[in-house]
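Asker: So here's upload.cif (mmCIF, C-alpha atoms).
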```cif
data_structure
loop_
_atom_site.label_atom_id
_atom_site.label_comp_id
_atom_site.auth_asym_id
_atom_site.auth_seq_id
_atom_site.Cartn_x
_atom_site.Cartn_y
_atom_site.Cartn_z
CA MET Z 190 14.20 94.69 -2.78
CA MET Z 191 10.67 95.59 -3.94
CA SER Z 192 8.40 92.53 -3.88
CA ARG Z 193 6.90 91.31 -7.16
CA ALA Z 194 3.37 92.25 -5.99
CA LEU Z 195 4.43 95.83 -5.14
CA PHE Z 196 6.39 96.02 -8.39
CA LEU Z 197 3.28 95.08 -10.40
CA ALA Z 198 1.06 97.39 -8.37
CA ALA Z 199 3.35 100.36 -9.00
CA LEU Z 200 3.44 99.72 -12.71
CA LEU Z 201 -0.35 99.30 -12.92
CA CYS Z 202 -1.01 102.44 -10.93
CA GLY Z 203 -1.53 104.70 -13.96
CA VAL Z 204 -3.35 102.26 -16.26
CA ALA Z 205 -6.48 104.40 -16.70
CA SER Z 206 -4.68 107.66 -17.41
CA VAL Z 207 -1.84 106.49 -19.70
CA ALA Z 208 -2.42 106.03 -23.41
CA LEU Z 209 -0.72 102.78 -24.39
CA ALA Z 210 0.65 101.77 -27.75
CA ASN Z 211 0.15 98.02 -27.27
CA THR Z 212 -2.80 96.12 -28.71
CA ALA Z 213 -3.90 94.12 -25.67
CA PRO Z 214 -7.08 92.11 -26.29
CA ALA Z 215 -10.39 93.07 -24.75
CA GLY Z 216 -10.63 92.35 -21.05
CA ILE Z 217 -6.90 92.90 -20.43
CA ASN Z 218 -5.74 96.09 -18.71
CA THR Z 219 -2.05 96.93 -19.15
CA GLY Z 220 0.36 99.35 -17.54
CA ALA Z 221 3.51 101.04 -18.85
CA GLU Z 222 6.07 98.97 -20.76
CA ILE Z 223 8.74 97.33 -18.60
CA ASP Z 224 12.35 97.46 -19.72
CA ALA Z 225 13.50 93.94 -20.69
CA GLN Z 226 16.50 93.84 -18.32
CA THR Z 227 14.44 95.30 -15.49
CA PHE Z 228 11.82 92.61 -16.07
CA ILE Z 229 14.39 89.76 -15.96
CA ASP Z 230 16.04 91.17 -12.82
CA SER Z 231 12.70 91.54 -11.04
CA LEU Z 232 11.75 87.86 -11.43
CA GLY Z 233 14.47 86.41 -9.18
CA LEU Z 234 14.47 83.10 -11.06
CA THR Z 235 16.60 80.31 -9.57
CA VAL Z 236 16.89 77.82 -12.49
CA ASP Z 237 18.92 79.74 -15.08
CA THR Z 238 16.39 82.33 -16.37
CA CYS Z 239 13.64 79.74 -16.87
CA ALA Z 240 10.09 80.26 -15.68
CA THR Z 241 6.66 78.66 -15.65
CA LEU Z 242 3.93 80.75 -17.30
CA THR Z 243 0.31 80.26 -16.19
CA ALA Z 244 -2.92 82.10 -16.91
CA ALA Z 245 -3.70 84.60 -14.15
CA SER Z 246 -5.89 87.55 -13.25
CA GLU Z 247 -2.77 89.64 -12.59
CA GLY Z 248 0.62 89.22 -14.24
CA TYR Z 249 2.31 90.19 -17.51
CA TYR Z 250 1.13 90.76 -21.07
CA PHE Z 251 3.67 89.90 -23.82
CA GLU Z 252 3.40 91.56 -27.23
CA LYS Z 253 5.52 90.21 -30.11
CA GLY Z 254 7.03 91.78 -33.26
CA PHE Z 255 9.54 94.41 -32.14
CA GLU Z 256 13.16 95.07 -33.12
CA THR Z 257 14.47 94.83 -29.57
CA GLY Z 258 13.15 93.70 -26.25
CA LEU Z 259 12.74 90.23 -24.77
CA SER Z 260 13.13 86.72 -26.19
CA ARG Z 261 11.08 83.79 -24.88
CA SER Z 262 12.28 80.30 -25.84
CA ARG Z 263 12.07 76.73 -24.58
CA CYS Z 264 14.43 76.01 -21.67
CA ASP Z 265 17.30 73.63 -22.41
CA ILE Z 266 18.06 72.65 -18.79
CA GLY Z 267 17.26 68.96 -18.29
CA GLY Z 268 13.71 68.44 -17.07
CA THR Z 269 12.47 71.97 -17.92
CA CYS Z 270 10.89 71.41 -21.34
CA MET Z 271 7.59 72.94 -20.16
CA CYS Z 272 9.30 76.16 -19.05
CA LYS Z 273 10.32 79.30 -20.94
CA LYS Z 274 13.71 80.99 -20.89
CA PHE Z 275 13.84 84.80 -20.94
CA ASP Z 276 16.75 86.71 -22.45
CA LEU Z 277 17.53 90.06 -24.08
CA CYS Z 278 16.65 90.22 -27.78
CA ASP Z 279 17.64 92.36 -30.80
CA ASN Z 280 16.79 90.12 -33.79
CA GLY Z 281 13.64 91.91 -34.89
CA ASP Z 282 11.28 89.25 -33.51
CA CYS Z 283 11.20 90.36 -29.89
CA PHE Z 284 8.58 90.78 -27.18
CA LYS Z 285 7.67 93.87 -25.22
CA VAL Z 286 6.29 93.20 -21.76
CA TYR Z 287 3.63 95.08 -19.78
CA PRO Z 288 2.07 94.52 -16.34
CA CYS Z 289 -1.55 93.46 -16.67
CA ASN Z 290 -4.74 92.49 -14.90
CA THR Z 291 -8.07 91.22 -16.14
CA THR Z 292 -11.29 93.26 -16.16
CA SER Z 293 -13.26 90.25 -14.93
CA GLY Z 294 -10.85 89.34 -12.19
CA GLU Z 295 -10.66 85.82 -13.64
CA PRO Z 296 -7.50 84.15 -15.02
CA ASP Z 297 -6.84 84.82 -18.73
CA SER Z 298 -4.21 83.21 -21.00
CA ASN Z 299 -3.18 86.67 -22.24
CA CYS Z 300 -2.20 87.78 -18.74
CA LEU Z 301 0.46 85.41 -17.47
CA ALA Z 302 1.87 84.81 -14.01
CA VAL Z 303 5.62 84.13 -13.99
CA THR Z 304 6.95 81.71 -11.36
CA ASN Z 305 10.10 79.67 -10.82
CA CYS Z 306 10.41 76.64 -13.10
CA THR Z 307 10.10 73.23 -11.48
CA GLN Z 308 12.87 70.95 -12.76
CA THR Z 309 12.13 67.25 -13.32
CA VAL Z 310 14.71 64.49 -12.82
CA PHE Z 311 13.73 61.73 -15.23
CA GLU Z 312 13.38 58.09 -14.14
CA THR Z 313 15.35 56.39 -16.96
CA ILE Z 314 19.00 56.02 -15.90
CA MET Z 315 21.56 56.17 -18.70
CA GLU Z 316 25.19 55.02 -18.38
CA VAL Z 317 27.64 56.61 -20.82
CA GLU Z 318 31.14 55.29 -21.56
CA VAL Z 319 33.78 57.80 -22.65
CA ASP Z 320 37.45 57.78 -23.62
CA CYS Z 321 39.20 60.81 -22.10
CA ASN Z 322 42.78 61.66 -23.06
CA ARG Z 323 43.67 64.34 -20.52
CA GLN Z 324 41.94 63.62 -17.23
CA ASN Z 325 40.02 60.69 -15.80
CA LEU Z 326 36.46 61.46 -14.74
CA THR Z 327 37.20 60.34 -11.17
CA ASP Z 328 39.90 63.05 -10.91
CA LYS Z 329 37.44 65.91 -11.47
CA ASP Z 330 36.25 68.08 -8.58
CA GLU Z 331 32.70 69.42 -8.34
CA ALA Z 332 33.40 72.56 -10.37
CA GLU Z 333 35.05 70.50 -13.12
CA VAL Z 334 32.09 68.09 -13.19
CA ASP Z 335 29.76 71.10 -13.53
CA PHE Z 336 31.76 72.28 -16.56
CA PHE Z 337 31.81 68.73 -17.93
CA GLY Z 338 27.99 68.69 -17.70
CA PHE Z 339 27.78 72.07 -19.48
CA ARG Z 340 29.89 70.72 -22.37
CA TRP Z 341 27.84 67.48 -22.42
CA LYS Z 342 24.63 69.42 -23.08
CA GLN Z 343 26.35 71.53 -25.76
CA ALA Z 344 27.58 68.38 -27.54
CA LEU Z 345 24.08 66.86 -27.53
CA GLU Z 346 22.93 69.75 -29.69
CA GLU Z 347 26.06 70.40 -31.75
CA ASP Z 348 27.37 66.85 -32.37
CA CYS Z 349 24.14 64.83 -32.26
CA GLY Z 350 21.69 67.42 -33.62
CA ILE Z 351 19.30 66.98 -30.69
CA GLY Z 352 16.84 69.86 -30.59
CA ARG Z 353 15.23 69.34 -27.21
CA VAL Z 354 18.23 68.81 -24.95
CA CYS Z 355 15.86 69.54 -22.06
CA ARG Z 356 14.95 65.84 -22.31
CA TYR Z 357 18.37 64.95 -20.88
CA ASN Z 358 19.65 65.67 -17.36
CA GLY Z 359 23.33 66.05 -16.54
CA ASP Z 360 23.68 69.86 -16.71
CA THR Z 361 25.61 69.94 -13.42
CA SER Z 362 27.08 67.61 -10.80
CA GLU Z 363 23.63 67.47 -9.14
CA THR Z 364 22.28 65.26 -11.96
CA LEU Z 365 25.52 63.77 -13.31
CA ASP Z 366 27.08 60.90 -11.34
CA ILE Z 367 30.69 59.83 -11.98
CA VAL Z 368 30.88 56.04 -11.41
CA ALA Z 369 34.32 55.17 -12.88
CA TYR Z 370 37.28 56.80 -14.56
CA ASN Z 371 35.56 56.34 -17.94
CA ARG Z 372 31.82 56.13 -17.12
CA PHE Z 373 29.11 58.46 -15.85
CA ARG Z 374 25.37 58.15 -15.29
CA THR Z 375 22.57 60.64 -15.77
CA ASN Z 376 18.84 60.54 -16.49
CA THR Z 377 16.69 60.97 -19.57
CA LEU Z 378 13.04 60.97 -20.58
CA ASN Z 379 12.80 57.32 -21.70
CA PRO Z 380 14.93 54.44 -23.12
CA ALA Z 381 14.42 55.65 -26.73
CA HIS Z 382 16.49 58.73 -25.89
CA VAL Z 383 19.32 56.48 -24.67
CA ASP Z 384 19.30 54.77 -28.09
CA THR Z 385 19.65 58.19 -29.73
CA ILE Z 386 22.84 58.85 -27.75
CA ASP Z 387 24.28 55.42 -28.58
CA VAL Z 388 23.59 55.85 -32.32
CA CYS Z 389 25.27 59.27 -32.21
CA ALA Z 390 28.32 57.74 -30.50
CA GLN Z 391 28.62 55.13 -33.27
CA THR Z 392 28.04 57.44 -36.24
CA ALA Z 393 29.26 60.94 -35.33
CA ASN Z 394 32.30 62.63 -33.84
CA PHE Z 395 30.65 62.87 -30.43
CA ARG Z 396 33.35 64.56 -28.36
CA PHE Z 397 33.45 67.17 -25.59
CA ASN Z 398 35.76 68.30 -22.79
CA PHE Z 399 38.59 66.12 -24.22
CA CYS Z 400 36.42 63.00 -24.01
CA THR Z 401 34.97 60.92 -26.86
CA VAL Z 402 31.65 59.14 -26.25
CA ILE Z 403 32.01 55.39 -26.91
CA SER Z 404 28.53 54.09 -26.08
CA ALA Z 405 25.36 54.65 -24.05
CA SER Z 406 23.04 52.10 -22.45
CA VAL Z 407 20.11 51.95 -20.06
CA TYR Z 408 21.26 51.19 -16.51
CA GLU Z 409 18.81 49.12 -14.49
CA PRO Z 410 19.73 48.26 -10.88
CA THR Z 411 18.71 44.63 -10.42
CA THR Z 412 16.39 43.92 -7.48
CA THR Z 413 15.31 40.35 -6.70
CA THR Z 414 12.48 39.83 -4.18
CA THR Z 415 11.91 36.42 -2.60
CA THR Z 416 8.73 35.91 -0.56
CA THR Z 417 8.41 32.97 1.84
CA THR Z 418 4.98 32.26 3.37
CA THR Z 419 4.67 30.03 6.44
CA THR Z 420 1.17 28.92 7.53
CA THR Z 421 0.61 27.55 11.04
CA THR Z 422 -2.78 25.95 11.86
CA THR Z 423 -3.80 25.37 15.51
CA THR Z 424 -6.91 23.27 16.24
CA THR Z 425 -8.52 23.33 19.72
CA THR Z 426 -11.21 20.75 20.52
CA THR Z 427 -13.43 21.09 23.62
CA THR Z 428 -15.67 18.13 24.61
CA THR Z 429 -18.41 18.54 27.22
CA THR Z 430 -20.18 15.37 28.47
CA THR Z 431 -23.37 15.62 30.53
CA THR Z 432 -24.78 12.41 32.14
CA THR Z 433 -28.28 12.27 33.67
CA THR Z 434 -29.30 9.12 35.62
CA THR Z 435 -32.93 8.34 36.71
CA THR Z 436 -34.39 5.49 38.75
CA THR Z 437 -35.59 3.87 35.58
CA THR Z 438 -31.94 3.52 34.67
CA THR Z 439 -32.11 5.78 31.68
CA THR Z 440 -28.77 7.34 30.73
CA THR Z 441 -28.69 10.48 28.54
CA THR Z 442 -25.31 11.58 27.22
CA THR Z 443 -24.86 15.00 25.53
CA THR Z 444 -21.54 15.68 23.79
CA THR Z 445 -20.61 19.22 22.61
CA THR Z 446 -17.51 19.65 20.45
CA THR Z 447 -16.01 23.10 19.77
CA THR Z 448 -13.22 23.40 17.20
CA THR Z 449 -11.15 26.57 16.99
CA THR Z 450 -8.72 27.01 14.06
CA THR Z 451 -6.01 29.66 14.25
CA THR Z 452 -3.99 30.41 11.09
CA THR Z 453 -0.71 32.34 11.43
CA THR Z 454 0.94 33.56 8.22
CA THR Z 455 4.58 34.68 8.31
CA THR Z 456 5.93 36.50 5.23
CA THR Z 457 9.68 36.92 4.79
CA THR Z 458 10.86 39.24 2.04
CA THR Z 459 14.48 39.13 0.88
CA THR Z 460 15.66 41.90 -1.42
CA THR Z 461 18.92 41.52 -3.32
CA THR Z 462 20.32 44.60 -5.05
CA THR Z 463 23.15 44.38 -7.56
CA LEU Z 464 25.86 46.86 -6.60
CA PRO Z 465 27.86 48.82 -9.20
CA ASP Z 466 31.04 47.27 -10.60
CA CYS Z 467 34.10 47.47 -8.38
CA ASP Z 468 36.49 50.30 -9.20
CA TYR Z 469 40.09 49.03 -9.01
CA ASP Z 470 42.99 51.41 -8.59
CA CYS Z 471 46.12 51.64 -10.72
CA ASN Z 472 48.22 49.46 -8.42
CA GLU Z 473 45.66 46.61 -8.40
CA GLU Z 474 45.09 46.70 -12.15
CA THR Z 475 48.79 46.70 -13.02
CA PHE Z 476 49.68 43.81 -10.70
CA ALA Z 477 46.71 41.85 -12.07
CA CYS Z 478 48.47 42.03 -15.46
CA VAL Z 479 51.75 41.00 -13.84
CA GLY Z 480 49.97 38.03 -12.25
CA ASP Z 481 48.61 36.92 -15.64
CA ASP Z 482 52.09 37.18 -17.13
CA VAL Z 483 53.60 34.86 -14.51
CA PHE Z 484 51.94 31.80 -16.06
CA SER Z 485 53.04 32.55 -19.62
CA PRO Z 486 55.58 35.39 -19.82
CA SER Z 487 55.00 37.55 -22.89
CA VAL Z 488 55.84 41.23 -23.32
CA ASP Z 489 53.14 41.55 -26.01
CA ASP Z 490 50.41 40.04 -23.80
CA PHE Z 491 51.49 42.17 -20.85
CA SER Z 492 51.46 45.39 -22.89
CA SER Z 493 47.96 44.59 -24.22
CA CYS Z 494 46.67 43.90 -20.70
CA VAL Z 495 48.08 47.20 -19.36
CA ALA Z 496 46.75 49.17 -22.35
CA ASP Z 497 43.25 47.80 -21.73
CA GLN Z 498 43.28 49.31 -18.22
CA GLY Z 499 43.06 52.82 -19.71
CA ARG Z 500 45.84 54.30 -17.58
CA HIS Z 501 47.94 55.39 -20.61
CA ASN Z 502 47.00 57.95 -23.21
CA PHE Z 503 48.32 57.71 -26.78
CA THR Z 504 51.68 59.35 -26.03
CA ALA Z 505 52.15 57.33 -22.86
CA LEU Z 506 51.53 54.07 -24.75
CA ILE Z 507 54.39 54.93 -27.11
CA ASP Z 508 56.72 55.56 -24.15
CA PHE Z 509 55.49 52.31 -22.58
CA GLY Z 510 56.38 50.34 -25.72
CA ILE Z 511 59.85 51.90 -25.94
CA CYS Z 512 60.48 51.04 -22.30
CA LEU Z 513 59.38 47.38 -22.77
CA ALA Z 514 61.76 47.02 -25.70
CA ASP Z 515 64.66 47.24 -23.23
CA CYS Z 516 63.33 44.39 -21.07
CA ASP Z 517 64.98 40.99 -21.57
CA ASP Z 518 62.36 38.38 -22.54
CA LEU Z 519 61.77 35.18 -20.62
CA THR Z 520 61.29 32.12 -22.79
CA PRO Z 521 58.07 30.24 -21.78
CA ASN Z 522 58.65 26.73 -20.39
CA ALA Z 523 62.39 27.37 -20.27
CA ASN Z 524 64.54 27.03 -17.19
CA SER Z 525 65.22 30.60 -16.12
CA THR Z 526 67.25 31.57 -13.11
CA ARG Z 527 65.74 33.50 -10.26
CA ALA Z 528 67.84 36.51 -11.17
CA GLU Z 529 66.57 36.44 -14.78
CA ALA Z 530 62.94 36.21 -13.69
CA ARG Z 531 63.37 38.97 -11.12
CA SER Z 532 65.00 41.24 -13.69
CA TYR Z 533 62.22 40.61 -16.25
CA PHE Z 534 59.28 41.22 -13.92
CA PHE Z 535 60.89 44.27 -12.35
CA CYS Z 536 61.51 45.73 -15.81
CA ILE Z 537 57.97 45.29 -17.20
CA THR Z 538 56.34 46.46 -13.95
CA ASN Z 539 58.56 49.52 -13.77
CA CYS Z 540 57.68 50.36 -17.40
CA ALA Z 541 53.96 50.17 -16.64
CA PHE Z 542 54.13 52.48 -13.61
CA SER Z 543 56.75 54.95 -14.89
CA THR Z 544 54.94 55.78 -18.15
CA THR Z 545 51.31 55.95 -16.95
CA SER Z 546 49.44 59.20 -17.60
CA ASN Z 547 46.02 58.74 -16.00
CA ASP Z 548 45.23 58.49 -12.29
CA CYS Z 549 48.32 56.58 -11.20
CA ASP Z 550 50.94 57.95 -8.82
CA VAL Z 551 52.59 54.66 -7.76
CA VAL Z 552 56.38 54.87 -7.40
CA TYR Z 553 57.82 51.42 -8.02
CA THR Z 554 61.26 50.65 -6.55
CA SER Z 555 63.34 47.51 -6.12
CA THR Z 556 66.58 46.51 -4.40
CA THR Z 557 69.00 45.19 -7.01
CA MET Z 558 70.55 41.94 -5.90
CA ALA Z 559 74.10 41.36 -7.11
CA PRO Z 560 75.54 37.84 -7.08
CA THR Z 561 77.69 37.12 -4.05
CA THR Z 562 81.30 36.18 -4.87
CA THR Z 563 83.26 34.25 -2.29
CA THR Z 564 87.03 34.58 -2.66
CA THR Z 565 89.37 32.28 -0.77
CA PHE Z 566 92.81 33.57 -0.26
CA THR Z 567 95.65 31.00 0.45
CA THR Z 568 98.65 32.41 2.26
CA PRO Z 569 101.80 30.39 1.52
CA THR Z 570 103.78 29.29 4.60
CA THR Z 571 107.50 29.83 4.46
CA THR Z 572 109.66 27.78 6.76
CA THR Z 573 113.09 29.11 7.40
CA THR Z 574 115.64 26.72 8.75
CA THR Z 575 118.79 28.10 10.28
CA THR Z 576 121.72 25.76 10.52
CA THR Z 577 124.57 26.56 12.78
CA SER Z 578 127.81 24.88 11.85
CA THR Z 579 130.68 24.50 14.19
CA SER Z 580 134.06 24.30 12.55
CA SER Z 581 137.06 22.85 14.19
CA SER Z 582 140.41 23.87 12.83
CA ASN Z 583 143.65 22.09 13.57
CA ILE Z 584 146.52 24.44 13.20
CA ILE Z 585 149.84 22.81 12.79
CA ALA Z 586 152.62 24.99 13.86
#
```
Can the structure from this file be put into structure tokens for me?
Answerer:
Amino acid sequence: MMSRALFLAALLCGVASVALANTAPAGINTGAEIDAQTFIDSLGLTVDTCATLTAASEGYYFEKGFETGLSRSRCDIGGTCMCKKFDLCDNGDCFKVYPCNTTSGEPDSNCLAVTNCTQTVFETIMEVEVDCNRQNLTDKDEAEVDFFGFRWKQALEEDCGIGRVCRYNGDTSETLDIVAYNRFRTNTLNPAHVDTIDVCAQTANFRFNFCTVISASVYEPTTTTTTTTTTTTTTTTTTTTTTTTTTTTTTTTTTTTTTTTTTTTTTTTTTTTTLPDCDYDCNEETFACVGDDVFSPSVDDFSSCVADQGRHNFTALIDFGICLADCDDLTPNANSTRAEARSYFFCITNCAFSTTSNDCDVVYTSTTMAPTTTTTFTTPTTTTTTTTSTSSSNIIA
């Protein structure tokens, strides 16, 4: 592929000999007009078709006011508000583009260099809560998160009326972080822009990609730093005694004391970072509701607990309620048999798992215990007594 420098050089080659129709200001030399599509293709831009324009001694001259040609608008990719997006144009307010250089060889604002746009990831972290009725956020793959981000930016403009959506990141999975089945985080220019999203969620039908925005808030990871300072002081004393004795019995004593102080400071820094909320799975959430129900059995309380977990969409909640209607209630504080309790808890748990619609593939089974019947058979005993009689006959002749 021809390099940009060679491309410009080729187009500028006939500047002196070609009569041009454009009205370039004094000090700007221009070449032949560049076709709009050819111009876009030659740039090799990596962030959409967004570019940074800077004054240069060699670059492009843009002339406005034509029926067709090139459009030049503010980029809407998050963090690219200072960049321009190029596209084809036919609305009667289009640019024509020409290669240019300056007569003085110095940069001029009418001759612009076009370079790749540098995207900024903002420092303010925003956490957005949504209610999705087809697919949990945690079930999306990278391509689906990319599409989710595309729809998010569309909704900012269409549902919330935000003009400069470039002040919000989250265009793709690179700047949109899924943290729970109903929450994601992205970045924005400052906390005031988070408030704008939250107000839109409360007052407008803020919905995209089958998800309704519930709220938005600034997310601030909590970091606590504890500093402990330990000071150790060591004192060293050196005493030198010199004694001089003369015949006149004169004693001179010289004492020299040297004190050395060493201070050792030890600093211990402890940093505590608050981790994100735990993300419980379907099995854990459902049995947490079953555990609550053990202390005070209530189908109504159990159904409310399960509904709050967000594992059932609207249709699934209806099926869940129909299923619970067939479960035999346990009366609180009543003496229930083990079989009755087992039947009740199996029924409500089975209803919760069998009707779920979101991110729950638990198959709940149980072995039905039938009462054991012991039958005693008594076999009558028949005693047969055989009596043999001996008869004696006296025959009288």
Asker: For each of Z:Cys471, Z:Cys389, Z:Leu378, Z:Ala505, take the minimum atom-to-atom distance to Z:Thr313, counting all atoms listed in the file, then give the residue where this is smallest.
Answerer: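 The answer is Z:Leu378, which sits nearest to Z:Thr313.
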Asker: Show which residues sit within 7 Å of Z:Leu326, as an MDAnalysis selection string. Count only C-alpha atoms, and ignore same-chain residues fewer than 2 positions away.
Answerer: chainID Z and resid 324 328:329 367 369:371
Asker: Would you mind reading off the distance between atom CA of Z:Thr292 and atom CA of Z:Phe255, one decimal, in Å?
Answerer: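 Value for the atom CA of Z:Thr292-atom CA of Z:Phe255 distance: 26.3 Å.
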Asker: Within 9 Å of (9.8, 78.4, -18.1), all atoms listed in the file: residues as a PyMOL selection string?
Answerer: chain Z and resi 238-242+261-264+269-275+303-307
Asker: Check what the PyMOL selection byres ((chain Z and resi 541) around 9) selects in the file above and give those residues as a PyMOL selection string.
Answerer: chain Z and resi 475+492+495+501+509+512-513+536-540+542-545
Asker: Could you work out how far atom CA of Z:Leu301 lies from atom CA of Z:Lys342, giving the answer in Å with one decimal?
Answerer: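 Separation between atom CA of Z:Lys342 and atom CA of Z:Leu301: 29.5 Å.
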Asker: Ranking Z:Ile266, Z:Val383, Z:Ala225, Z:Val551 by minimum distance to Z:Glu473 and counting only C-alpha atoms, which one comes first?
Answerer: Z:Val551
Asker: So how many Å separate atom CA of Z:Phe311 and atom CA of Z:Gly268, to one decimal?
Answerer: 7.0 Å
Asker: Using the chain letters and residue numbers of this document, give as a ChimeraX atom specification the residues selected by the PyMOL selection byres ((chain Z and resi 291) around 10).
Answerer: /Z:215-219,245-248,289-290,292-297,299-300
Asker: Could you expand the PyMOL selection byres ((chain Z and resi 322) around 10) into the explicit residues it covers here, written as a PyMOL selection string?
Answerer: chain Z and resi 319-321+323-325+398-401+499-504+546-547
Asker: Between Z:Gly338, Z:Asp366, Z:Glu318, Z:Thr520, which has the minimum distance to Z:Ala390 (counting only C-alpha atoms)?
Answerer: Z:Glu318
Asker: Around stretch 387-393 of chain Z, fit a box with edges along x, y and z, padding it by 6 Å on each side, then list its centre and edge lengths in Å to one decimal as lines of an AutoDock Vina configuration file.
Answerer:
```
center_x = 26.4
center_y = 58.0
center_z = -32.4
size_x = 17.7
size_y = 17.8
size_z = 19.7
```
Asker: Looking at only C-alpha atoms, which of Z:Glu316, Z:Asp518, Z:Asp548, Z:Glu409 is the one that sits closest to Z:Arg372?
Answerer: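 So, comparing all the options, the nearest one is Z:Glu316.
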Asker: Between Z:Lys285, Z:Arg374, Z:Arg356, Z:Arg340, single out the one closest to Z:Ser404, counting all atoms listed in the file.
Answerer: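 Ranked by minimum distance to Z:Ser404, first place goes to Z:Arg374.
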Asker: Between Z:Phe251, Z:Phe397, Z:Tyr287, Z:Phe228, which has the minimum distance to Z:Trp341 (counting only C-alpha atoms)?
Answerer: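 Checking each of Z:Phe251, Z:Phe397, Z:Tyr287, Z:Phe228 against Z:Trp341, counting only C-alpha atoms, the winner is Z:Phe397.
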